[in-house]
file query_0.pdb (PDB, N, CA and C atoms)
ATOM      1  N   MET A   1      27.914  22.918  10.588
ATOM      2  CA  MET A   1      28.341  22.031  11.663
ATOM      3  C   MET A   1      29.153  20.902  11.033
ATOM      4  N   GLU A   2      30.247  20.549  11.643
ATOM      5  CA  GLU A   2      31.121  19.529  11.104
ATOM      6  C   GLU A   2      30.571  18.142  11.345
ATOM      7  N   THR A   3      30.999  17.183  10.509
ATOM      8  CA  THR A   3      30.505  15.815  10.600
ATOM      9  C   THR A   3      30.772  15.198  11.963
ATOM     10  N   GLU A   4      31.951  15.481  12.552
ATOM     11  CA  GLU A   4      32.266  14.891  13.852
ATOM     12  C   GLU A   4      31.236  15.292  14.904
ATOM     13  N   SER A   5      30.847  16.555  14.916
ATOM     14  CA  SER A   5      29.893  17.000  15.917
ATOM     15  C   SER A   5      28.474  16.551  15.558
ATOM     16  N   LYS A   6      28.187  16.371  14.275
ATOM     17  CA  LYS A   6      26.877  15.874  13.858
ATOM     18  C   LYS A   6      26.682  14.427  14.282
ATOM     19  N   SER A   7      27.755  13.652  14.335
ATOM     20  CA  SER A   7      27.636  12.227  14.628
ATOM     21  C   SER A   7      27.082  11.970  16.024
ATOM     22  N   ARG A   8      27.203  12.932  16.923
ATOM     23  CA  ARG A   8      26.663  12.719  18.273
ATOM     24  C   ARG A   8      25.148  12.609  18.243
ATOM     25  N   PHE A   9      24.495  13.252  17.277
ATOM     26  CA  PHE A   9      23.044  13.208  17.213
ATOM     27  C   PHE A   9      22.529  11.818  16.849
ATOM     28  N   ILE A  10      23.256  11.104  16.016
ATOM     29  CA  ILE A  10      22.803   9.774  15.599
ATOM     30  C   ILE A  10      22.768   8.826  16.790
ATOM     31  N   THR A  11      23.717   8.966  17.716
ATOM     32  CA  THR A  11      23.752   8.056  18.870
ATOM     33  C   THR A  11      22.651   8.357  19.876
ATOM     34  N   GLU A  12      22.018   9.533  19.763
ATOM     35  CA  GLU A  12      20.915   9.879  20.648
ATOM     36  C   GLU A  12      19.594   9.236  20.212
ATOM     37  N   LEU A  13      19.557   8.725  18.987
ATOM     38  CA  LEU A  13      18.325   8.144  18.449
ATOM     39  C   LEU A  13      18.135   6.713  18.941
ATOM     40  N   PRO A  14      16.879   6.239  18.964
ATOM     41  CA  PRO A  14      16.648   4.821  19.280
ATOM     42  C   PRO A  14      17.391   3.936  18.272
ATOM     43  N   VAL A  15      17.802   2.777  18.713
ATOM     44  CA  VAL A  15      18.592   1.860  17.875
ATOM     45  C   VAL A  15      17.860   1.535  16.573
ATOM     46  N   GLU A  16      16.562   1.307  16.630
ATOM     47  CA  GLU A  16      15.814   0.976  15.405
ATOM     48  C   GLU A  16      15.888   2.128  14.399
ATOM     49  N   THR A  17      15.788   3.348  14.880
ATOM     50  CA  THR A  17      15.890   4.514  13.994
ATOM     51  C   THR A  17      17.292   4.610  13.409
ATOM     52  N   GLN A  18      18.304   4.377  14.227
ATOM     53  CA  GLN A  18      19.687   4.393  13.735
ATOM     54  C   GLN A  18      19.880   3.375  12.622
ATOM     55  N   GLU A  19      19.359   2.169  12.815
ATOM     56  CA  GLU A  19      19.508   1.113  11.810
ATOM     57  C   GLU A  19      18.834   1.496  10.503
ATOM     58  N   ILE A  20      17.637   2.064  10.600
ATOM     59  CA  ILE A  20      16.931   2.491   9.389
ATOM     60  C   ILE A  20      17.748   3.542   8.656
ATOM     61  N   LEU A  21      18.195   4.565   9.370
ATOM     62  CA  LEU A  21      18.932   5.655   8.739
ATOM     63  C   LEU A  21      20.263   5.193   8.169
ATOM     64  N   ASN A  22      20.911   4.258   8.827
ATOM     65  CA  ASN A  22      22.210   3.776   8.345
ATOM     66  C   ASN A  22      22.089   2.842   7.142
ATOM     67  N   ASN A  23      20.882   2.372   6.841
ATOM     68  CA  ASN A  23      20.677   1.477   5.696
ATOM     69  C   ASN A  23      20.071   2.178   4.489
ATOM     70  N   ILE A  24      20.028   3.490   4.514
ATOM     71  CA  ILE A  24      19.488   4.275   3.406
ATOM     72  C   ILE A  24      20.642   4.774   2.550
ATOM     73  N   ALA A  25      20.438   4.748   1.230
ATOM     74  CA  ALA A  25      21.428   5.297   0.304
ATOM     75  C   ALA A  25      21.147   6.791   0.134
ATOM     76  N   TYR A  26      22.063   7.612   0.579
ATOM     77  CA  TYR A  26      21.928   9.062   0.516
ATOM     78  C   TYR A  26      22.579   9.581  -0.749
ATOM     79  N   PRO A  27      22.125  10.738  -1.239
ATOM     80  CA  PRO A  27      21.139  11.676  -0.714
ATOM     81  C   PRO A  27      19.710  11.211  -0.991
ATOM     82  N   VAL A  28      18.808  11.603  -0.094
ATOM     83  CA  VAL A  28      17.382  11.284  -0.220
ATOM     84  C   VAL A  28      16.547  12.447   0.308
ATOM     85  N   LYS A  29      15.295  12.443  -0.095
ATOM     86  CA  LYS A  29      14.339  13.420   0.433
ATOM     87  C   LYS A  29      13.519  12.771   1.530
ATOM     88  N   ARG A  30      12.824  13.596   2.299
ATOM     89  CA  ARG A  30      12.042  13.119   3.437
ATOM     90  C   ARG A  30      11.101  11.976   3.066
ATOM     91  N   ASN A  31      10.356  12.124   1.988
ATOM     92  CA  ASN A  31       9.390  11.084   1.623
ATOM     93  C   ASN A  31      10.060   9.760   1.312
ATOM     94  N   GLU A  32      11.261   9.800   0.754
ATOM     95  CA  GLU A  32      12.001   8.572   0.482
ATOM     96  C   GLU A  32      12.447   7.913   1.792
ATOM     97  N   ILE A  33      12.846   8.722   2.762
ATOM     98  CA  ILE A  33      13.232   8.190   4.071
ATOM     99  C   ILE A  33      12.044   7.490   4.713
ATOM    100  N   ILE A  34      10.891   8.153   4.683
ATOM    101  CA  ILE A  34       9.688   7.574   5.271
ATOM    102  C   ILE A  34       9.303   6.286   4.552
ATOM    103  N   GLY A  35       9.356   6.292   3.228
ATOM    104  CA  GLY A  35       9.026   5.093   2.454
ATOM    105  C   GLY A  35       9.942   3.927   2.768
ATOM    106  N   GLN A  36      11.230   4.195   2.864
ATOM    107  CA  GLN A  36      12.172   3.123   3.178
ATOM    108  C   GLN A  36      11.981   2.624   4.600
ATOM    109  N   ALA A  37      11.663   3.536   5.507
ATOM    110  CA  ALA A  37      11.401   3.128   6.898
ATOM    111  C   ALA A  37      10.155   2.247   6.947
ATOM    112  N   ARG A  38       9.111   2.639   6.226
ATOM    113  CA  ARG A  38       7.871   1.852   6.181
ATOM    114  C   ARG A  38       8.149   0.459   5.601
ATOM    115  N   ASN A  39       8.921   0.405   4.518
ATOM    116  CA  ASN A  39       9.256  -0.879   3.889
ATOM    117  C   ASN A  39      10.083  -1.782   4.800
ATOM    118  N   SER A  40      10.818  -1.179   5.721
ATOM    119  CA  SER A  40      11.637  -1.981   6.634
ATOM    120  C   SER A  40      10.856  -2.414   7.869
ATOM    121  N   GLY A  41       9.574  -2.012   7.943
ATOM    122  CA  GLY A  41       8.739  -2.434   9.061
ATOM    123  C   GLY A  41       8.831  -1.546  10.285
ATOM    124  N   ALA A  42       9.199  -0.289  10.095
ATOM    125  CA  ALA A  42       9.330   0.642  11.226
ATOM    126  C   ALA A  42       7.998   0.783  11.956
ATOM    127  N   ILE A  43       8.089   0.944  13.260
ATOM    128  CA  ILE A  43       6.890   1.127  14.077
ATOM    129  C   ILE A  43       6.302   2.515  13.820
ATOM    130  N   PRO A  44       5.003   2.691  14.088
ATOM    131  CA  PRO A  44       4.350   3.976  13.819
ATOM    132  C   PRO A  44       5.026   5.180  14.480
ATOM    133  N   ASP A  45       5.579   5.028  15.668
ATOM    134  CA  ASP A  45       6.250   6.156  16.338
ATOM    135  C   ASP A  45       7.428   6.672  15.516
ATOM    136  N   ILE A  46       8.185   5.770  14.933
ATOM    137  CA  ILE A  46       9.329   6.185  14.112
ATOM    138  C   ILE A  46       8.846   6.866  12.846
ATOM    139  N   LEU A  47       7.810   6.317  12.216
ATOM    140  CA  LEU A  47       7.264   6.938  11.011
ATOM    141  C   LEU A  47       6.739   8.339  11.320
ATOM    142  N   ARG A  48       6.126   8.505  12.469
ATOM    143  CA  ARG A  48       5.614   9.813  12.889
ATOM    144  C   ARG A  48       6.772  10.799  13.069
ATOM    145  N   GLU A  49       7.841  10.360  13.710
ATOM    146  CA  GLU A  49       9.007  11.228  13.910
ATOM    147  C   GLU A  49       9.614  11.643  12.575
ATOM    148  N   LEU A  50       9.773  10.687  11.687
ATOM    149  CA  LEU A  50      10.350  10.999  10.385
ATOM    150  C   LEU A  50       9.445  11.936   9.594
ATOM    151  N   GLY A  51       8.140  11.835   9.807
ATOM    152  CA  GLY A  51       7.201  12.723   9.147
ATOM    153  C   GLY A  51       7.323  14.170   9.603
ATOM    154  N   MET A  52       7.950  14.403  10.735
ATOM    155  CA  MET A  52       8.151  15.766  11.239
ATOM    156  C   MET A  52       9.381  16.434  10.629
ATOM    157  N   LEU A  53      10.170  15.684   9.883
ATOM    158  CA  LEU A  53      11.346  16.266   9.248
ATOM    159  C   LEU A  53      10.930  17.297   8.206
ATOM    160  N   PRO A  54      11.694  18.376   8.070
ATOM    161  CA  PRO A  54      11.432  19.312   6.976
ATOM    162  C   PRO A  54      11.594  18.596   5.630
ATOM    163  N   ASP A  55      10.797  19.002   4.666
ATOM    164  CA  ASP A  55      10.835  18.389   3.339
ATOM    165  C   ASP A  55      12.004  18.984   2.560
ATOM    166  N   ARG A  56      13.127  18.290   2.620
ATOM    167  CA  ARG A  56      14.336  18.718   1.916
ATOM    168  C   ARG A  56      15.193  17.497   1.634
ATOM    169  N   GLN A  57      16.309  17.700   0.989
ATOM    170  CA  GLN A  57      17.238  16.611   0.729
ATOM    171  C   GLN A  57      18.181  16.445   1.913
ATOM    172  N   TYR A  58      18.437  15.180   2.275
ATOM    173  CA  TYR A  58      19.371  14.840   3.350
ATOM    174  C   TYR A  58      20.531  14.070   2.742
ATOM    175  N   ASN A  59      21.737  14.441   3.142
ATOM    176  CA  ASN A  59      22.936  13.850   2.554
ATOM    177  C   ASN A  59      23.552  12.736   3.377
ATOM    178  N   SER A  60      23.056  12.530   4.604
ATOM    179  CA  SER A  60      23.620  11.481   5.456
ATOM    180  C   SER A  60      22.673  11.191   6.612
ATOM    181  N   ALA A  61      22.916  10.069   7.279
ATOM    182  CA  ALA A  61      22.149   9.744   8.484
ATOM    183  C   ALA A  61      22.348  10.819   9.539
ATOM    184  N   GLU A  62      23.537  11.389   9.594
ATOM    185  CA  GLU A  62      23.825  12.437  10.557
ATOM    186  C   GLU A  62      22.988  13.686  10.293
ATOM    187  N   ASP A  63      22.773  14.016   9.003
ATOM    188  CA  ASP A  63      21.910  15.150   8.668
ATOM    189  C   ASP A  63      20.494  14.930   9.197
ATOM    190  N   VAL A  64      19.977  13.724   9.013
ATOM    191  CA  VAL A  64      18.630  13.401   9.485
ATOM    192  C   VAL A  64      18.585  13.467  11.011
ATOM    193  N   ALA A  65      19.583  12.886  11.658
ATOM    194  CA  ALA A  65      19.626  12.879  13.122
ATOM    195  C   ALA A  65      19.695  14.294  13.675
ATOM    196  N   GLU A  66      20.491  15.142  13.054
ATOM    197  CA  GLU A  66      20.581  16.530  13.511
ATOM    198  C   GLU A  66      19.228  17.224  13.364
ATOM    199  N   GLU A  67      18.555  16.992  12.255
ATOM    200  CA  GLU A  67      17.257  17.630  12.040
ATOM    201  C   GLU A  67      16.225  17.119  13.041
ATOM    202  N   LEU A  68      16.251  15.832  13.356
ATOM    203  CA  LEU A  68      15.340  15.295  14.377
ATOM    204  C   LEU A  68      15.628  15.929  15.738
ATOM    205  N   HIS A  69      16.897  16.149  16.027
ATOM    206  CA  HIS A  69      17.274  16.813  17.276
ATOM    207  C   HIS A  69      16.671  18.224  17.330
ATOM    208  N   ILE A  70      16.767  18.939  16.227
ATOM    209  CA  ILE A  70      16.224  20.300  16.162
ATOM    210  C   ILE A  70      14.716  20.276  16.347
ATOM    211  N   VAL A  71      14.043  19.304  15.728
ATOM    212  CA  VAL A  71      12.596  19.180  15.858
ATOM    213  C   VAL A  71      12.197  19.028  17.333
ATOM    214  N   TYR A  72      12.952  18.212  18.061
ATOM    215  CA  TYR A  72      12.595  17.918  19.445
ATOM    216  C   TYR A  72      13.187  18.880  20.471
ATOM    217  N   MET A  73      14.413  19.340  20.232
ATOM    218  CA  MET A  73      15.127  20.083  21.264
ATOM    219  C   MET A  73      15.444  21.522  20.900
ATOM    220  N   GLY A  74      15.284  21.890  19.651
ATOM    221  CA  GLY A  74      15.680  23.213  19.213
ATOM    222  C   GLY A  74      17.074  23.183  18.593
ATOM    223  N   VAL A  75      17.545  24.325  18.171
ATOM    224  CA  VAL A  75      18.845  24.407  17.508
ATOM    225  C   VAL A  75      19.943  24.078  18.504
ATOM    226  N   PRO A  76      20.867  23.161  18.115
ATOM    227  CA  PRO A  76      21.945  22.777  19.042
ATOM    228  C   PRO A  76      22.896  23.938  19.309
ATOM    229  N   ALA A  77      23.455  23.934  20.505
ATOM    230  CA  ALA A  77      24.387  25.001  20.907
ATOM    231  C   ALA A  77      25.761  24.753  20.320
TER     232      ALA A  77
END

call {"tool": "encode", "arguments": {"input": "query_0.pdb", "output": "structure tokens"}}
result
Amino acid sequence: METESKSRFITELPVETQEILNNIAYPVKRNEIIGQARNSGAIPDILRELGMLPDRQYNSAEDVAEELHIVYMGVPA
């Protein structure tokens, strides 16, 4: 999936989640994302959502947003 189409997933996320993801230095693994979110004071709901991500490396906020979309909605069309 191209970056342009991936960017739509980031705008579907709550603003707090977007801010957390946009302030992370990529590439990172899931546990690093969760740790940085926790350090930034993320609410438990966001930490829970990030915990549902597959344990792999993410190269951008858009990658994380796309994966969260898949977790909640299934594979995008």

call {"tool": "select_by_dssp", "arguments": {"input": "query_0.pdb", "residues": "segment 24-75 of chain A", "states": "strand (DSSP E)", "output": "MDAnalysis selection string"}}
result
chainID A and resid 28:29 57:58

call {"tool": "write_last_selection", "arguments": {"input": "query_0.pdb", "atoms": "N, CA and C atoms", "output": "PDB file, in the coordinates of the input"}}
result
ATOM      1  N   VAL A  28      18.808  11.603  -0.094  1.00  0.00           N
ATOM      2  CA  VAL A  28      17.382  11.284  -0.220  1.00  0.00           C
ATOM      3  C   VAL A  28      16.547  12.447   0.308  1.00  0.00           C
ATOM      4  N   LYS A  29      15.295  12.443  -0.095  1.00  0.00           N
ATOM      5  CA  LYS A  29      14.339  13.420   0.433  1.00  0.00           C
ATOM      6  C   LYS A  29      13.519  12.771   1.530  1.00  0.00           C
ATOM      7  N   GLN A  57      16.309  17.700   0.989  1.00  0.00           N
ATOM      8  CA  GLN A  57      17.238  16.611   0.729  1.00  0.00           C
ATOM      9  C   GLN A  57      18.181  16.445   1.913  1.00  0.00           C
ATOM     10  N   TYR A  58      18.437  15.180   2.275  1.00  0.00           N
ATOM     11  CA  TYR A  58      19.371  14.840   3.350  1.00  0.00           C
ATOM     12  C   TYR A  58      20.531  14.070   2.742  1.00  0.00           C
TER      13      TYR A  58
END

call {"tool": "resolve_selection", "arguments": {"input": "query_0.pdb", "expression": "the PyMOL selection byres ((chain A and resi 18-25) around 8)", "output": "PyMOL selection string"}}
result
chain A and resi 10-17+26-28+33+36-37+40+58-62+64-65

call {"tool": "atom_distance", "arguments": {"input": "query_0.pdb", "atom1": "atom N of Arg56 of chain A", "atom2": "atom N of Glu32 of chain A"}}
result
8.9 Å

call {"tool": "atom_distance", "arguments": {"input": "query_0.pdb", "atom1": "atom CA of Asn31 of chain A", "atom2": "atom CA of Asp55 of chain A"}}
result
7.6 Å

call {"tool": "atom_distance", "arguments": {"input": "query_0.pdb", "atom1": "atom C of Met52 of chain A", "atom2": "atom CA of Val71 of chain A"}}
result
6.7 Å

call {"tool": "select_by_dssp", "arguments": {"input": "query_0.pdb", "residues": "segment 22-69 of chain A", "states": "alpha helix (DSSP H)", "output": "list of chain:residue names"}}
result
A:Asn22, A:Arg30, A:Asn31, A:Glu32, A:Ile33, A:Ile34, A:Gly35, A:Gln36, A:Ala37, A:Arg38, A:Asn39, A:Pro44, A:Asp45, A:Ile46, A:Leu47, A:Arg48, A:Glu49, A:Leu50, A:Gly51, A:Ala61, A:Glu62, A:Asp63, A:Val64, A:Ala65, A:Glu66, A:Glu67, A:Leu68, A:His69

call {"tool": "residues_around", "arguments": {"input": "query_0.pdb", "residues": "Leu47 of chain A", "least_positions_apart": "2", "cutoff": "8 Å", "atoms": "all atoms listed in the file", "output": "list of chain:residue names"}}
result
A:Ile33, A:Ile34, A:Ala37, A:Arg38, A:Ala42, A:Ile43, A:Pro44, A:Asp45, A:Glu49, A:Leu50, A:Gly51, A:Met52
